[in-house]
file final_0.pdb (PDB, C-alpha atoms and all ligand atoms)
ATOM      1  CA  MET A 242     -24.920  14.824 -52.528  1.00  0.00           C
ATOM      2  CA  GLU A 243     -24.272  12.486 -55.305  1.00  0.00           C
ATOM      3  CA  VAL A 244     -21.563   9.889 -55.048  1.00  0.00           C
ATOM      4  CA  LYS A 245     -20.021   9.267 -58.393  1.00  0.00           C
ATOM      5  CA  THR A 246     -17.078   6.938 -58.172  1.00  0.00           C
ATOM      6  CA  ASN A 247     -16.048   4.187 -55.818  1.00  0.00           C
ATOM      7  CA  LYS A 248     -13.029   6.269 -54.816  1.00  0.00           C
ATOM      8  CA  GLU A 249     -15.230   9.174 -53.818  1.00  0.00           C
ATOM      9  CA  TYR A 250     -17.502   6.783 -51.894  1.00  0.00           C
ATOM     10  CA  THR A 251     -14.544   5.427 -49.912  1.00  0.00           C
ATOM     11  CA  ALA A 252     -13.354   8.922 -49.146  1.00  0.00           C
ATOM     12  CA  MET A 253     -16.824   9.858 -47.871  1.00  0.00           C
ATOM     13  CA  LEU A 254     -16.946   6.781 -45.605  1.00  0.00           C
ATOM     14  CA  HIS A 255     -13.539   7.657 -44.233  1.00  0.00           C
ATOM     15  CA  GLU A 256     -14.703  11.181 -43.493  1.00  0.00           C
ATOM     16  CA  ILE A 257     -17.811   9.890 -41.718  1.00  0.00           C
ATOM     17  CA  GLU A 258     -15.645   7.593 -39.623  1.00  0.00           C
ATOM     18  CA  THR A 259     -13.375  10.455 -38.664  1.00  0.00           C
ATOM     19  CA  VAL A 260     -16.324  12.623 -37.638  1.00  0.00           C
ATOM     20  CA  GLU A 261     -17.841   9.745 -35.623  1.00  0.00           C
ATOM     21  CA  ARG A 262     -14.512   9.184 -33.821  1.00  0.00           C
ATOM     22  CA  GLU A 263     -14.383  12.863 -32.992  1.00  0.00           C
ATOM     23  CA  ILE A 264     -17.952  12.736 -31.650  1.00  0.00           C
ATOM     24  CA  ARG A 265     -17.075   9.720 -29.455  1.00  0.00           C
ATOM     25  CA  GLY A 266     -14.005  11.573 -28.159  1.00  0.00           C
ATOM     26  CA  ARG A 267     -16.100  14.587 -27.230  1.00  0.00           C
ATOM     27  CA  GLU A 268     -18.720  12.379 -25.559  1.00  0.00           C
ATOM     28  CA  ASP A 269     -15.969  10.741 -23.473  1.00  0.00           C
ATOM     29  CA  ARG A 270     -14.694  14.164 -22.420  1.00  0.00           C
ATOM     30  CA  ILE A 271     -18.231  15.219 -21.489  1.00  0.00           C
ATOM     31  CA  LEU A 272     -18.602  12.081 -19.341  1.00  0.00           C
ATOM     32  CA  GLU A 273     -15.246  12.767 -17.670  1.00  0.00           C
ATOM     33  CA  GLU A 274     -16.307  16.350 -16.948  1.00  0.00           C
ATOM     34  CA  MET A 275     -19.621  15.138 -15.511  1.00  0.00           C
ATOM     35  CA  GLU A 276     -17.773  12.722 -13.227  1.00  0.00           C
ATOM     36  CA  ARG A 277     -15.431  15.483 -12.153  1.00  0.00           C
ATOM     37  CA  ALA A 278     -18.422  17.748 -11.417  1.00  0.00           C
ATOM     38  CA  GLU A 279     -19.982  14.975  -9.304  1.00  0.00           C
ATOM     39  CA  THR A 280     -16.773  14.519  -7.314  1.00  0.00           C
ATOM     40  CA  LEU A 281     -16.529  18.279  -6.782  1.00  0.00           C
ATOM     41  CA  ALA A 282     -20.151  18.418  -5.619  1.00  0.00           C
ATOM     42  CA  LEU A 283     -19.364  15.700  -3.044  1.00  0.00           C
ATOM     43  CA  ASP A 284     -16.259  17.602  -1.920  1.00  0.00           C
ATOM     44  CA  ILE A 285     -18.343  20.750  -1.495  1.00  0.00           C
ATOM     45  CA  GLU A 286     -20.924  18.849   0.533  1.00  0.00           C
ATOM     46  CA  ARG A 287     -18.206  17.414   2.776  1.00  0.00           C
ATOM     47  CA  GLU A 288     -16.638  20.849   3.250  1.00  0.00           C
ATOM     48  CA  GLU A 289     -20.030  22.346   4.086  1.00  0.00           C
ATOM     49  CA  ASP A 290     -20.630  19.601   6.673  1.00  0.00           C
ATOM     50  CA  SER A 291     -17.279  20.166   8.338  1.00  0.00           C
ATOM     51  CA  PHE A 292     -17.838  23.952   8.264  1.00  0.00           C
ATOM     52  CA  ARG A 293     -21.210  23.491   9.977  1.00  0.00           C
ATOM     53  CA  GLU A 294     -19.556  21.294  12.628  1.00  0.00           C
ATOM     54  CA  VAL A 295     -16.828  23.867  13.334  1.00  0.00           C
ATOM     55  CA  GLU A 296     -19.379  26.674  13.372  1.00  0.00           C
ATOM     56  CA  SER A 297     -21.561  24.799  15.847  1.00  0.00           C
ATOM     57  CA  ALA A 298     -18.576  23.969  18.103  1.00  0.00           C
ATOM     58  CA  ALA A 299     -17.511  27.629  18.046  1.00  0.00           C
ATOM     59  CA  ARG A 300     -21.029  28.717  18.963  1.00  0.00           C
ATOM     60  CA  THR A 301     -21.088  26.271  21.909  1.00  0.00           C
ATOM     61  CA  GLU A 302     -17.658  27.383  23.080  1.00  0.00           C
ATOM     62  CA  GLY A 303     -18.652  31.036  22.794  1.00  0.00           C
ATOM     63  CA  ALA A 304     -21.727  30.410  24.933  1.00  0.00           C
ATOM     64  CA  GLU A 305     -19.615  28.583  27.543  1.00  0.00           C
ATOM     65  CA  LEU A 306     -17.107  31.441  27.635  1.00  0.00           C
ATOM     66  CA  ALA A 307     -19.885  33.993  28.054  1.00  0.00           C
ATOM     67  CA  ALA A 308     -21.361  31.959  30.929  1.00  0.00           C
ATOM     68  CA  ARG A 309     -17.940  31.674  32.567  1.00  0.00           C
ATOM     69  CA  GLU A 310     -17.309  35.396  32.151  1.00  0.00           C
ATOM     70  CA  LYS A 311     -20.626  36.083  33.857  1.00  0.00           C
ATOM     71  CA  ARG A 312     -19.766  33.712  36.737  1.00  0.00           C
ATOM     72  CA  VAL A 313     -16.334  35.329  37.199  1.00  0.00           C
ATOM     73  CA  ALA A 314     -17.883  38.809  37.182  1.00  0.00           C
ATOM     74  CA  GLU A 315     -20.368  37.695  39.855  1.00  0.00           C
ATOM     75  CA  GLU A 316     -17.591  36.157  41.953  1.00  0.00           C
ATOM     76  CA  ARG A 317     -15.546  39.321  41.605  1.00  0.00           C
ATOM     77  CA  GLU A 318     -18.500  41.386  42.784  1.00  0.00           C
ATOM     78  CA  GLY A 319     -18.971  39.052  45.750  1.00  0.00           C
ATOM     79  CA  VAL A 320     -15.311  39.238  46.727  1.00  0.00           C
ATOM     80  CA  ALA A 321     -15.248  43.023  46.341  1.00  0.00           C
ATOM     81  CA  GLY A 322     -18.316  43.285  48.562  1.00  0.00           C
ATOM     82  CA  ARG A 323     -16.692  41.066  51.201  1.00  0.00           C
ATOM     83  CA  ARG A 324     -13.493  43.179  51.012  1.00  0.00           C
ATOM     84  CA  ASP A 325     -15.495  46.365  51.563  1.00  0.00           C
ATOM     85  CA  GLU A 326     -17.279  44.789  54.535  1.00  0.00           C
ATOM     86  CA  ILE A 327     -13.975  43.823  56.133  1.00  0.00           C
ATOM     87  CA  ALA A 328     -12.372  47.198  55.350  1.00  0.00           C
ATOM     88  CA  ALA A 329     -15.279  48.914  57.130  1.00  0.00           C
ATOM     89  CA  THR A 330     -14.307  47.139  60.382  1.00  0.00           C
ATOM     90  CA  ILE A 331     -10.652  48.290  60.286  1.00  0.00           C
ATOM     91  CA  PRO A 332      -9.674  51.573  61.977  1.00  0.00           C
ATOM     92  CA  GLU A 333      -8.749  54.442  59.674  1.00  0.00           C
ATOM     93  CA  GLN A 334      -5.010  54.558  60.340  1.00  0.00           C
ATOM     94  CA  PRO A 335      -4.056  50.942  59.649  1.00  0.00           C
ATOM     95  CA  LEU A 336      -6.423  50.941  56.674  1.00  0.00           C
ATOM     96  CA  TYR A 337      -4.658  54.007  55.274  1.00  0.00           C
ATOM     97  CA  LEU A 338      -1.271  52.323  55.841  1.00  0.00           C
ATOM     98  CA  TYR A 339      -2.525  49.153  54.144  1.00  0.00           C
ATOM     99  CA  ARG A 340      -3.740  51.065  51.089  1.00  0.00           C
ATOM    100  CA  ARG A 341      -0.524  53.077  50.806  1.00  0.00           C
ATOM    101  CA  VAL A 342       1.722  49.978  50.959  1.00  0.00           C
ATOM    102  CA  ALA A 343      -0.601  48.054  48.615  1.00  0.00           C
ATOM    103  CA  SER A 344      -0.430  50.824  46.014  1.00  0.00           C
ATOM    104  CA  LEU A 345       3.390  50.834  46.246  1.00  0.00           C
ATOM    105  CA  ARG A 346       4.065  47.100  46.508  1.00  0.00           C
ATOM    106  CA  GLY A 347       1.051  45.338  45.047  1.00  0.00           C
ATOM    107  CA  THR A 348       0.724  43.215  48.183  1.00  0.00           C
ATOM    108  CA  ALA A 349       0.525  45.053  51.483  1.00  0.00           C
ATOM    109  CA  VAL A 350       1.158  42.200  53.898  1.00  0.00           C
ATOM    110  CA  ALA A 351       3.923  39.641  54.341  1.00  0.00           C
ATOM    111  CA  GLU A 352       4.346  36.744  56.682  1.00  0.00           C
ATOM    112  CA  ALA A 353       7.072  36.977  59.303  1.00  0.00           C
ATOM    113  CA  ARG A 354       8.590  33.586  60.005  1.00  0.00           C
ATOM    114  CA  ASP A 355      11.930  32.470  61.458  1.00  0.00           C
ATOM    115  CA  GLY A 356      12.796  36.130  62.163  1.00  0.00           C
ATOM    116  CA  MET A 357      12.488  37.007  58.503  1.00  0.00           C
ATOM    117  CA  CYS A 358      10.112  38.779  56.127  1.00  0.00           C
ATOM    118  CA  GLN A 359       8.966  35.934  53.903  1.00  0.00           C
ATOM    119  CA  THR A 360       8.430  38.222  50.922  1.00  0.00           C
ATOM    120  CA  CYS A 361      11.727  40.145  50.677  1.00  0.00           C
ATOM    121  CA  HIS A 362      13.719  37.773  52.955  1.00  0.00           C
ATOM    122  CA  MET A 363      15.058  40.605  55.112  1.00  0.00           C
ATOM    123  CA  LYS A 364      16.215  39.279  58.479  1.00  0.00           C
ATOM    124  CA  MET A 365      14.853  41.494  61.264  1.00  0.00           C
ATOM    125  CA  ARG A 366      16.478  42.593  64.516  1.00  0.00           C
ATOM    126  CA  LEU A 367      15.944  40.178  67.400  1.00  0.00           C
ATOM    127  CA  GLN A 368      14.000  42.687  69.516  1.00  0.00           C
ATOM    128  CA  MET A 369      11.582  43.395  66.652  1.00  0.00           C
ATOM    129  CA  TRP A 370      11.082  39.659  66.116  1.00  0.00           C
ATOM    130  CA  VAL A 371      10.342  39.204  69.833  1.00  0.00           C
ATOM    131  CA  ASP A 372       7.879  42.149  69.863  1.00  0.00           C
ATOM    132  CA  LEU A 373       6.243  41.108  66.621  1.00  0.00           C
ATOM    133  CA  ARG A 374       5.486  37.630  67.924  1.00  0.00           C
ATOM    134  CA  ARG A 375       3.320  39.131  70.671  1.00  0.00           C
ATOM    135  CA  ASN A 376       0.913  40.231  67.887  1.00  0.00           C
ATOM    136  CA  GLU A 377      -0.008  43.382  69.837  1.00  0.00           C
ATOM    137  CA  GLN A 378       0.904  46.066  67.331  1.00  0.00           C
ATOM    138  CA  LEU A 379       1.579  46.506  63.620  1.00  0.00           C
ATOM    139  CA  PHE A 380       5.104  46.204  62.291  1.00  0.00           C
ATOM    140  CA  GLN A 381       6.352  47.041  58.843  1.00  0.00           C
ATOM    141  CA  CYS A 382       9.254  45.247  57.244  1.00  0.00           C
ATOM    142  CA  PRO A 383      12.258  47.638  57.454  1.00  0.00           C
ATOM    143  CA  SER A 384      13.226  46.666  53.918  1.00  0.00           C
ATOM    144  CA  CYS A 385      10.032  46.331  51.824  1.00  0.00           C
ATOM    145  CA  SER A 386       7.613  48.238  54.131  1.00  0.00           C
ATOM    146  CA  ARG A 387       5.006  45.491  54.006  1.00  0.00           C
ATOM    147  CA  ILE A 388       2.855  44.993  57.080  1.00  0.00           C
ATOM    148  CA  LEU A 389       4.139  41.864  58.801  1.00  0.00           C
ATOM    149  CA  TYR A 390       1.908  39.233  60.325  1.00  0.00           C
ATOM    150  CA  TYR A 391       2.971  36.391  62.551  1.00  0.00           C
ATOM    151  CA  GLU A 392       1.117  33.132  62.828  1.00  0.00           C
ATOM    152  CA  PRO A 393       2.052  31.220  65.954  1.00  0.00           C
ATOM    153  CA  PRO A 394       2.710  27.532  65.388  1.00  0.00           C
ATOM    154  CA  PRO A 395      -0.144  25.225  66.361  1.00  0.00           C
ATOM    155  CA  PRO A 396       0.100  24.121  70.002  1.00  0.00           C
ATOM    156  CA  THR A 397       1.980  20.851  70.315  1.00  0.00           C
ATOM    157  CA  VAL A 398      -0.040  18.089  71.875  1.00  0.00           C
ATOM    158  CA  SER A 399       1.972  16.260  74.461  1.00  0.00           C
ATOM    159  CA  VAL A 400       1.516  12.525  74.438  1.00  0.00           C
ATOM    160  CA  ASP A 401       3.392  11.624  77.601  1.00  0.00           C
ATOM    161  CA  SER A 402       1.114   9.884  80.063  1.00  0.00           C
TER     162      SER A 402
HETATM  163 ZN    ZN R 501      10.070  42.614  53.576  1.00  0.00          ZN
END
call {"tool": "encode", "arguments": {"input": "final_0.pdb", "output": "structure tokens"}}
result
Amino acid sequence: MEVKTNKEYTAMLHEIETVEREIRGREDRILEEMERAETLALDIEREEDSFREVESAARTEGAELAAREKRVAEEREGVAGRRDEIAATIPEQPLYLYRRVASLRGTAVAEARDGMCQTCHMKMRLQMWVDLRRNEQLFQCPSCSRILYYEPPPPTVSVDS
């Protein structure tokens, strides 16, 4: 390229300057983008760390739950075995009554206290209350049909001497 006049030379210099400014602008943008990429990479790393933490905590919790489930299943088996042992010692008729009431009411027995079924709060006749307290035969609550049990109060210790 041949530069002929001073005017043309000036114009060329101006053009070069413009192109150089444009190049600097693009380089700045590239630097900005590189910084942004670095920040994003750090964010990703942080997110991955926190994900790994949560994942590990979930794994630990899952293992604990599985262990607890196993313990509860074992306890349940133990209790069921004990229930069967006890049931085997109860005569057929009261056992049948127990199962029938339990299937109807959920709970087959209720405490009798102060002349009253403590589950449905039905007040019983005086004679029944007197007979029941002897604990010699089974009574059912006339209202809810549950088998009533009576626990005598602990003997009072006399302190007069
Ligand atoms: Zn009752």
call {"tool": "residues_near_ligand", "arguments": {"input": "final_0.pdb", "ligand": "ligand ZN 501 (chain R)", "cutoff": "6 Å", "atoms": "only C-alpha atoms and all ligand atoms", "output": "list in words"}}
result
Cys358, Thr360, Cys361, Met363, Cys382, Ser384, Cys385 and Arg387 of chain A
call {"tool": "resolve_selection", "arguments": {"input": "final_0.pdb", "expression": "the PyMOL selection byres (((chain A and resi 379) around 9) and not hetatm)", "output": "CSV table (one decimal) with C-alpha atoms, keeping the file's coordinate frame"}}
result
chain,number,residue,atom,x,y,z
A,335,PRO,CA,-4.1,50.9,59.6
A,373,LEU,CA,6.2,41.1,66.6
A,376,ASN,CA,0.9,40.2,67.9
A,377,GLU,CA,0.0,43.4,69.8
A,378,GLN,CA,0.9,46.1,67.3
A,380,PHE,CA,5.1,46.2,62.3
A,381,GLN,CA,6.4,47.0,58.8
A,388,ILE,CA,2.9,45.0,57.1
A,389,LEU,CA,4.1,41.9,58.8
A,390,TYR,CA,1.9,39.2,60.3
call {"tool": "atom_distance", "arguments": {"input": "final_0.pdb", "atom1": "atom CA of A:Thr397", "atom2": "atom CA of A:Lys364"}}
result
26.1 Å
call {"tool": "residues_around", "arguments": {"input": "final_0.pdb", "residues": "A:Tyr391", "least_positions_apart": "3", "cutoff": "9 Å", "atoms": "only C-alpha atoms", "output": "PyMOL selection string"}}
result
chain A and resi 351-354+373-376
call {"tool": "atom_distance", "arguments": {"input": "final_0.pdb", "atom1": "atom CA of A:Ala298", "atom2": "atom CA of A:Glu315"}}
result
25.8 Å
call {"tool": "axis_aligned_box", "arguments": {"input": "final_0.pdb", "around": "stretch 252-260 of chain A", "padding_each_side": "6 Å", "output": "lines of an AutoDock Vina configuration file"}}
result
center_x = -15.6
center_y = 9.7
center_z = -43.4
size_x = 16.5
size_y = 17.8
size_z = 23.5
call {"tool": "atom_distance", "arguments": {"input": "final_0.pdb", "atom1": "atom CA of A:Leu345", "atom2": "atom CA of A:Pro383"}}
result
14.6 Å
call {"tool": "closest_residue", "arguments": {"input": "final_0.pdb", "among": "A:Arg309, A:Ser386, A:Arg366, A:Glu289", "to": "A:Tyr339", "atoms": "only C-alpha atoms"}}
result
A:Ser386
call {"tool": "decode", "arguments": {"input": "final_0.pdb", "residues": "stretch 285-402 of chain A", "atoms": "C-alpha atoms", "output": "PDB file, in the first residue's frame"}}
result
ATOM      1  CA  ILE A 285     -19.955 -25.208  40.610  1.00  0.00           C
ATOM      2  CA  GLU A 286     -17.281 -26.566  42.932  1.00  0.00           C
ATOM      3  CA  ARG A 287     -19.101 -25.158  45.962  1.00  0.00           C
ATOM      4  CA  GLU A 288     -22.412 -26.613  44.782  1.00  0.00           C
ATOM      5  CA  GLU A 289     -20.784 -29.998  44.201  1.00  0.00           C
ATOM      6  CA  ASP A 290     -19.312 -29.921  47.725  1.00  0.00           C
ATOM      7  CA  SER A 291     -22.649 -29.102  49.311  1.00  0.00           C
ATOM      8  CA  PHE A 292     -24.364 -31.777  47.177  1.00  0.00           C
ATOM      9  CA  ARG A 293     -21.823 -34.357  48.364  1.00  0.00           C
ATOM     10  CA  GLU A 294     -22.457 -33.308  51.982  1.00  0.00           C
ATOM     11  CA  VAL A 295     -26.241 -33.646  51.618  1.00  0.00           C
ATOM     12  CA  GLU A 296     -25.849 -36.952  49.802  1.00  0.00           C
ATOM     13  CA  SER A 297     -23.605 -38.312  52.544  1.00  0.00           C
ATOM     14  CA  ALA A 298     -25.984 -37.130  55.306  1.00  0.00           C
ATOM     15  CA  ALA A 299     -28.910 -38.763  53.489  1.00  0.00           C
ATOM     16  CA  ARG A 300     -26.966 -42.007  53.173  1.00  0.00           C
ATOM     17  CA  THR A 301     -26.173 -41.974  56.919  1.00  0.00           C
ATOM     18  CA  GLU A 302     -29.775 -41.204  57.816  1.00  0.00           C
ATOM     19  CA  GLY A 303     -31.023 -43.950  55.510  1.00  0.00           C
ATOM     20  CA  ALA A 304     -28.717 -46.460  57.183  1.00  0.00           C
ATOM     21  CA  GLU A 305     -29.916 -45.350  60.639  1.00  0.00           C
ATOM     22  CA  LEU A 306     -33.552 -45.692  59.580  1.00  0.00           C
ATOM     23  CA  ALA A 307     -32.920 -49.165  58.184  1.00  0.00           C
ATOM     24  CA  ALA A 308     -31.230 -50.201  61.447  1.00  0.00           C
ATOM     25  CA  ARG A 309     -34.128 -48.793  63.469  1.00  0.00           C
ATOM     26  CA  GLU A 310     -36.668 -50.545  61.255  1.00  0.00           C
ATOM     27  CA  LYS A 311     -34.828 -53.810  61.839  1.00  0.00           C
ATOM     28  CA  ARG A 312     -34.787 -53.242  65.625  1.00  0.00           C
ATOM     29  CA  VAL A 313     -38.523 -52.435  65.663  1.00  0.00           C
ATOM     30  CA  ALA A 314     -39.294 -55.538  63.593  1.00  0.00           C
ATOM     31  CA  GLU A 315     -37.292 -57.655  66.056  1.00  0.00           C
ATOM     32  CA  GLU A 316     -39.066 -56.074  69.028  1.00  0.00           C
ATOM     33  CA  ARG A 317     -42.416 -56.665  67.371  1.00  0.00           C
ATOM     34  CA  GLU A 318     -41.535 -60.316  66.842  1.00  0.00           C
ATOM     35  CA  GLY A 319     -40.485 -60.609  70.487  1.00  0.00           C
ATOM     36  CA  VAL A 320     -43.695 -59.024  71.741  1.00  0.00           C
ATOM     37  CA  ALA A 321     -45.830 -61.171  69.437  1.00  0.00           C
ATOM     38  CA  GLY A 322     -44.057 -64.276  70.713  1.00  0.00           C
ATOM     39  CA  ARG A 323     -44.652 -63.226  74.328  1.00  0.00           C
ATOM     40  CA  ARG A 324     -48.344 -62.546  73.525  1.00  0.00           C
ATOM     41  CA  ASP A 325     -48.716 -66.019  72.020  1.00  0.00           C
ATOM     42  CA  GLU A 326     -47.068 -67.576  75.078  1.00  0.00           C
ATOM     43  CA  ILE A 327     -49.474 -65.790  77.408  1.00  0.00           C
ATOM     44  CA  ALA A 328     -52.499 -66.561  75.210  1.00  0.00           C
ATOM     45  CA  ALA A 329     -51.589 -70.263  75.376  1.00  0.00           C
ATOM     46  CA  THR A 330     -52.061 -70.187  79.176  1.00  0.00           C
ATOM     47  CA  ILE A 331     -55.580 -68.677  79.023  1.00  0.00           C
ATOM     48  CA  PRO A 332     -58.612 -70.997  78.857  1.00  0.00           C
ATOM     49  CA  GLU A 333     -60.474 -71.098  75.553  1.00  0.00           C
ATOM     50  CA  GLN A 334     -63.636 -69.267  76.595  1.00  0.00           C
ATOM     51  CA  PRO A 335     -62.160 -66.082  78.057  1.00  0.00           C
ATOM     52  CA  LEU A 336     -59.630 -66.014  75.219  1.00  0.00           C
ATOM     53  CA  TYR A 337     -62.468 -66.187  72.691  1.00  0.00           C
ATOM     54  CA  LEU A 338     -64.298 -63.386  74.545  1.00  0.00           C
ATOM     55  CA  TYR A 339     -61.114 -61.301  74.607  1.00  0.00           C
ATOM     56  CA  ARG A 340     -60.571 -61.706  70.865  1.00  0.00           C
ATOM     57  CA  ARG A 341     -64.198 -60.906  70.039  1.00  0.00           C
ATOM     58  CA  VAL A 342     -64.224 -57.693  72.124  1.00  0.00           C
ATOM     59  CA  ALA A 343     -60.767 -56.706  70.833  1.00  0.00           C
ATOM     60  CA  SER A 344     -61.912 -57.048  67.221  1.00  0.00           C
ATOM     61  CA  LEU A 345     -64.980 -54.886  67.967  1.00  0.00           C
ATOM     62  CA  ARG A 346     -63.428 -52.268  70.249  1.00  0.00           C
ATOM     63  CA  GLY A 347     -59.717 -52.236  69.511  1.00  0.00           C
ATOM     64  CA  THR A 348     -58.939 -52.660  73.208  1.00  0.00           C
ATOM     65  CA  ALA A 349     -60.572 -55.576  74.979  1.00  0.00           C
ATOM     66  CA  VAL A 350     -59.972 -54.609  78.594  1.00  0.00           C
ATOM     67  CA  ALA A 351     -60.782 -51.569  80.714  1.00  0.00           C
ATOM     68  CA  GLU A 352     -59.976 -50.664  84.260  1.00  0.00           C
ATOM     69  CA  ALA A 353     -62.842 -50.485  86.732  1.00  0.00           C
ATOM     70  CA  ARG A 354     -62.250 -47.798  89.325  1.00  0.00           C
ATOM     71  CA  ASP A 355     -64.566 -45.823  91.616  1.00  0.00           C
ATOM     72  CA  GLY A 356     -67.505 -47.955  90.409  1.00  0.00           C
ATOM     73  CA  MET A 357     -66.950 -46.867  86.835  1.00  0.00           C
ATOM     74  CA  CYS A 358     -65.565 -48.218  83.566  1.00  0.00           C
ATOM     75  CA  GLN A 359     -62.533 -46.008  83.032  1.00  0.00           C
ATOM     76  CA  THR A 360     -62.759 -46.280  79.252  1.00  0.00           C
ATOM     77  CA  CYS A 361     -66.406 -45.395  78.516  1.00  0.00           C
ATOM     78  CA  HIS A 362     -67.123 -43.849  81.962  1.00  0.00           C
ATOM     79  CA  MET A 363     -70.284 -45.901  82.477  1.00  0.00           C
ATOM     80  CA  LYS A 364     -71.185 -46.054  86.164  1.00  0.00           C
ATOM     81  CA  MET A 365     -72.004 -49.646  87.135  1.00  0.00           C
ATOM     82  CA  ARG A 366     -74.640 -50.985  89.519  1.00  0.00           C
ATOM     83  CA  LEU A 367     -73.476 -51.224  93.128  1.00  0.00           C
ATOM     84  CA  GLN A 368     -73.854 -55.016  93.299  1.00  0.00           C
ATOM     85  CA  MET A 369     -71.717 -55.479  90.173  1.00  0.00           C
ATOM     86  CA  TRP A 370     -69.060 -53.165  91.616  1.00  0.00           C
ATOM     87  CA  VAL A 371     -69.044 -55.173  94.862  1.00  0.00           C
ATOM     88  CA  ASP A 372     -68.798 -58.511  92.980  1.00  0.00           C
ATOM     89  CA  LEU A 373     -66.189 -57.221  90.571  1.00  0.00           C
ATOM     90  CA  ARG A 374     -63.887 -56.137  93.382  1.00  0.00           C
ATOM     91  CA  ARG A 375     -63.653 -59.743  94.579  1.00  0.00           C
ATOM     92  CA  ASN A 376     -61.767 -60.487  91.317  1.00  0.00           C
ATOM     93  CA  GLU A 377     -63.283 -63.988  91.159  1.00  0.00           C
ATOM     94  CA  GLN A 378     -64.983 -63.880  87.782  1.00  0.00           C
ATOM     95  CA  LEU A 379     -64.941 -61.905  84.539  1.00  0.00           C
ATOM     96  CA  PHE A 380     -67.250 -58.945  84.098  1.00  0.00           C
ATOM     97  CA  GLN A 381     -67.945 -57.007  80.950  1.00  0.00           C
ATOM     98  CA  CYS A 382     -68.848 -53.349  80.977  1.00  0.00           C
ATOM     99  CA  PRO A 383     -72.634 -53.159  80.333  1.00  0.00           C
ATOM    100  CA  SER A 384     -72.052 -50.209  78.022  1.00  0.00           C
ATOM    101  CA  CYS A 385     -68.874 -50.865  75.978  1.00  0.00           C
ATOM    102  CA  SER A 386     -68.576 -54.658  76.556  1.00  0.00           C
ATOM    103  CA  ARG A 387     -64.917 -54.429  77.515  1.00  0.00           C
ATOM    104  CA  ILE A 388     -63.621 -56.934  80.040  1.00  0.00           C
ATOM    105  CA  LEU A 389     -63.222 -55.058  83.315  1.00  0.00           C
ATOM    106  CA  TYR A 390     -60.293 -55.498  85.649  1.00  0.00           C
ATOM    107  CA  TYR A 391     -59.997 -54.186  89.165  1.00  0.00           C
ATOM    108  CA  GLU A 392     -56.728 -53.386  90.840  1.00  0.00           C
ATOM    109  CA  PRO A 393     -57.065 -53.183  94.601  1.00  0.00           C
ATOM    110  CA  PRO A 394     -55.341 -50.192  96.161  1.00  0.00           C
ATOM    111  CA  PRO A 395     -51.985 -50.934  97.774  1.00  0.00           C
ATOM    112  CA  PRO A 396     -52.356 -51.909 101.442  1.00  0.00           C
ATOM    113  CA  THR A 397     -52.032 -48.887 103.697  1.00  0.00           C
ATOM    114  CA  VAL A 398     -49.202 -49.137 106.162  1.00  0.00           C
ATOM    115  CA  SER A 399     -50.315 -48.073 109.584  1.00  0.00           C
ATOM    116  CA  VAL A 400     -47.808 -45.989 111.463  1.00  0.00           C
ATOM    117  CA  ASP A 401     -49.475 -45.877 114.861  1.00  0.00           C
ATOM    118  CA  SER A 402     -47.230 -47.372 117.507  1.00  0.00           C
TER     119      SER A 402
END
